[in-house]
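Visitor: Take this structure, written in structure tokens, and hold onto it; I'll ask about it next.
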Amino acid sequence: MNLTFAIATEADAAAVAGVRNSAAENLTREYGQGRWSSSSSERGVLRDLSRPRFSRVLVARHGPEIVGTLVLQTKKPWAIDTSYFTAVSKPLYLVSMAVRADWQGQGIGRRLLREAELHARNWPAEALRLDAFDGPAGAGPFYTKCHYRDVGRVVYRDNPLIYFELIL
């Protein structure tokens with residue numbers, strides 16, 4: 001499969017929101033309503049794009065189509081408790097990862113993670129951190145297969161989460 005990876009531009013905002021919404025709708029169909037059911041907007045993506053010093057939106061393209069996306073950011077997400085992670089001075093947080101529903105299961109997520117790792121090393125960062133839902137709708141097994149280490153489990157606002165990290 002011929003994929004290219006790039007940092008998203010403002011022109012990509014609607015397509016990035018579409019990828020996120022496709023993935024969320026797919027999870028909702030399969031597992032019912034949950035935190036994964038929230039919708040993304042073009043405005044929200046533009047907000048991520050407006051802070052290139054603190055946030056980067058990566059996209060996977062198949063030809064002109066955006067089929068996957070994720071966000072790397074320096075700001076700690078609300079659900080992360082840093083006491084669970086290895087002490088490093090420059091962590092990056094991986095958030096909002098999604099692959100369009102009709103493209104899932106083809107290795108796009110794994111390739112996006114590899115691309116995120118390259119960007120993180122060049123940022124420079126010492127670790128990638130993330131949280132995933134702990135349950136059937138969660139991506140825990142996926143991150144484990146991609147060599148991210150499970151560093152803890154918590155419940156945040158009634159949501160069971162698994163914390164993962166990759167030391168770079």
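FYI, nothing fancy with the structure tokens labels: chains A, B, ... in order, residues from 1 per chain, ligands from 1 as they appear.
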Can you build me a table of region 14-44 of chain A residues sitting at most 10 Å from region 99-113 of chain A, with the closest atom pair per residue and its distance in Å to one decimal, using only C-alpha atoms, sorted by chain and residue number, as a tab-separated table?

Guide:
residue	atom	partner	partner_atom	distance
A:Val16	CA	A:Arg100	CA	9.5
A:Gly18	CA	A:Arg100	CA	8.0
A:Val19	CA	A:Arg100	CA	4.8
A:Arg20	CA	A:Arg100	CA	7.0
A:Asn21	CA	A:Arg100	CA	8.2
A:Ser22	CA	A:Arg100	CA	5.4
A:Ala23	CA	A:Ala101	CA	5.2
A:Ala24	CA	A:Ala101	CA	8.6
A:Glu25	CA	A:Ala101	CA	8.3
A:Asn26	CA	A:Ala101	CA	6.1
A:Leu27	CA	A:Ala101	CA	8.9

Visitor: Just the strand (DSSP E) stuff from region 6-121 of chain A, please, per backbone DSSP, written as a PyMOL selection string.

Guide: chain A and resi 6-7+55-62+65-73+91-99

Visitor: From the DSSP assignment of the backbone, select every residue of chain A that is alpha helix (DSSP H), and format the answer as a count of residues only.

Guide: 48

Visitor: Each residue of region 13-56 of chain A lying at most 12 Å from region 153-166 of chain A should get a row with its shortest atom-to-atom pair and the distance in Å to one decimal, counting only C-alpha atoms; could you produce that, ordered by chain and increasing number, as CSV?

Guide:
residue,atom,partner,partner_atom,distance
A:Gly34,CA,A:Asn159,CA,9.2
A:Arg35,CA,A:Asn159,CA,8.0
A:Trp36,CA,A:Asn159,CA,10.6

Visitor: Compare A:Ala8, A:Leu168, A:Ala116, A:Ala79 by their minimum atom-to-atom distance to Ala132 (chain A), counting only C-alpha atoms, and give me the closest one.

Guide: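 So, comparing all the options, the nearest one is A:Ala79.
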
Visitor: Counting only C-alpha atoms, which of A:Ala14, A:Leu92, A:Ala6, A:Ala98 gets nearest to Phe54 (chain A)?

Guide: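 That would be A:Leu92, the residue with the smallest distance to Phe54 (chain A).
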
Visitor: Near His119 (chain A), counting only C-alpha atoms, which residues have an atom at most 12 Å away, once you skip same-chain residues fewer than 6 positions from it, shown as an MDAnalysis selection string?

Guide: chainID A and resid 5:7 55:58 70:73 92:94 112:113 125:128 168

Visitor: Those residues you just picked out, can you put them in a file as a PDB file, in the first residue's frame with C-alpha atoms?

Guide:
ATOM      1  CA  PHE A   5       2.981  10.891   5.799  1.00  0.00           C
ATOM      2  CA  ALA A   6       3.067  14.616   6.462  1.00  0.00           C
ATOM      3  CA  ILE A   7       2.257  17.326   8.943  1.00  0.00           C
ATOM      4  CA  SER A  55       1.222  20.471  18.745  1.00  0.00           C
ATOM      5  CA  ARG A  56       1.599  18.674  15.409  1.00  0.00           C
ATOM      6  CA  VAL A  57      -1.118  16.911  13.488  1.00  0.00           C
ATOM      7  CA  LEU A  58       0.254  14.065  11.383  1.00  0.00           C
ATOM      8  CA  LEU A  70      -2.782  11.547  15.117  1.00  0.00           C
ATOM      9  CA  VAL A  71      -1.685  14.500  17.212  1.00  0.00           C
ATOM     10  CA  LEU A  72       1.600  14.892  19.053  1.00  0.00           C
ATOM     11  CA  GLN A  73       1.686  17.559  21.724  1.00  0.00           C
ATOM     12  CA  LEU A  92       5.510  14.095  24.087  1.00  0.00           C
ATOM     13  CA  TYR A  93       1.905  13.005  24.301  1.00  0.00           C
ATOM     14  CA  LEU A  94       0.141  11.124  21.549  1.00  0.00           C
ATOM     15  CA  LEU A 112       1.429   6.227  11.827  1.00  0.00           C
ATOM     16  CA  LEU A 113       3.003   5.310  15.163  1.00  0.00           C
ATOM     17  CA  ALA A 125      11.562  14.192  22.859  1.00  0.00           C
ATOM     18  CA  GLU A 126      12.690  11.390  25.136  1.00  0.00           C
ATOM     19  CA  ALA A 127       9.414   9.486  25.410  1.00  0.00           C
ATOM     20  CA  LEU A 128       5.983   9.148  23.866  1.00  0.00           C
ATOM     21  CA  LEU A 168      12.894   6.881  22.580  1.00  0.00           C
TER      22      LEU A 168
END

Visitor: In terms of the shortest atom-to-atom distance over only C-alpha atoms, which of A:Thr69, A:Arg129, A:Arg53, A:Asn122 is closest to Ser96 (chain A)?

Guide: A:Thr69

Visitor: With distances taken over only C-alpha atoms, which of A:Thr144, A:Ser38, A:Thr74, A:Ser83 is nearest to Ala120 (chain A)?

Guide: A:Thr74

Visitor: Using only C-alpha atoms, find the one residue out of A:Asp134, A:Asp81, A:Asp48, A:Glu30 that sits nearest to Asp12 (chain A).

Guide: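 Checking each candidate against Asp12 (chain A), we get A:Asp48 as the closest.
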
Visitor: Of the candidates A:Pro141, A:Pro52, A:Ile167, A:Phe85, which shows the shortest atom-to-atom distance to Arg121 (chain A), using only C-alpha atoms?

Guide: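 The closest residue to Arg121 (chain A) is A:Ile167.
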
Visitor: Please measure the separation of CA of Thr4 (chain A) and CA of Arg29 (chain A), giving the value in Å to one decimal.

Guide: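 Going from CA of Thr4 (chain A) over to CA of Arg29 (chain A) covers 29.1 Å.
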
Visitor: Enter the distance from CA of Leu3 (chain A) to CA of His62 (chain A), in Å, rounded to one decimal.

Guide: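 Calculated distance between CA of Leu3 (chain A) and CA of His62 (chain A) is 5.0 Å.
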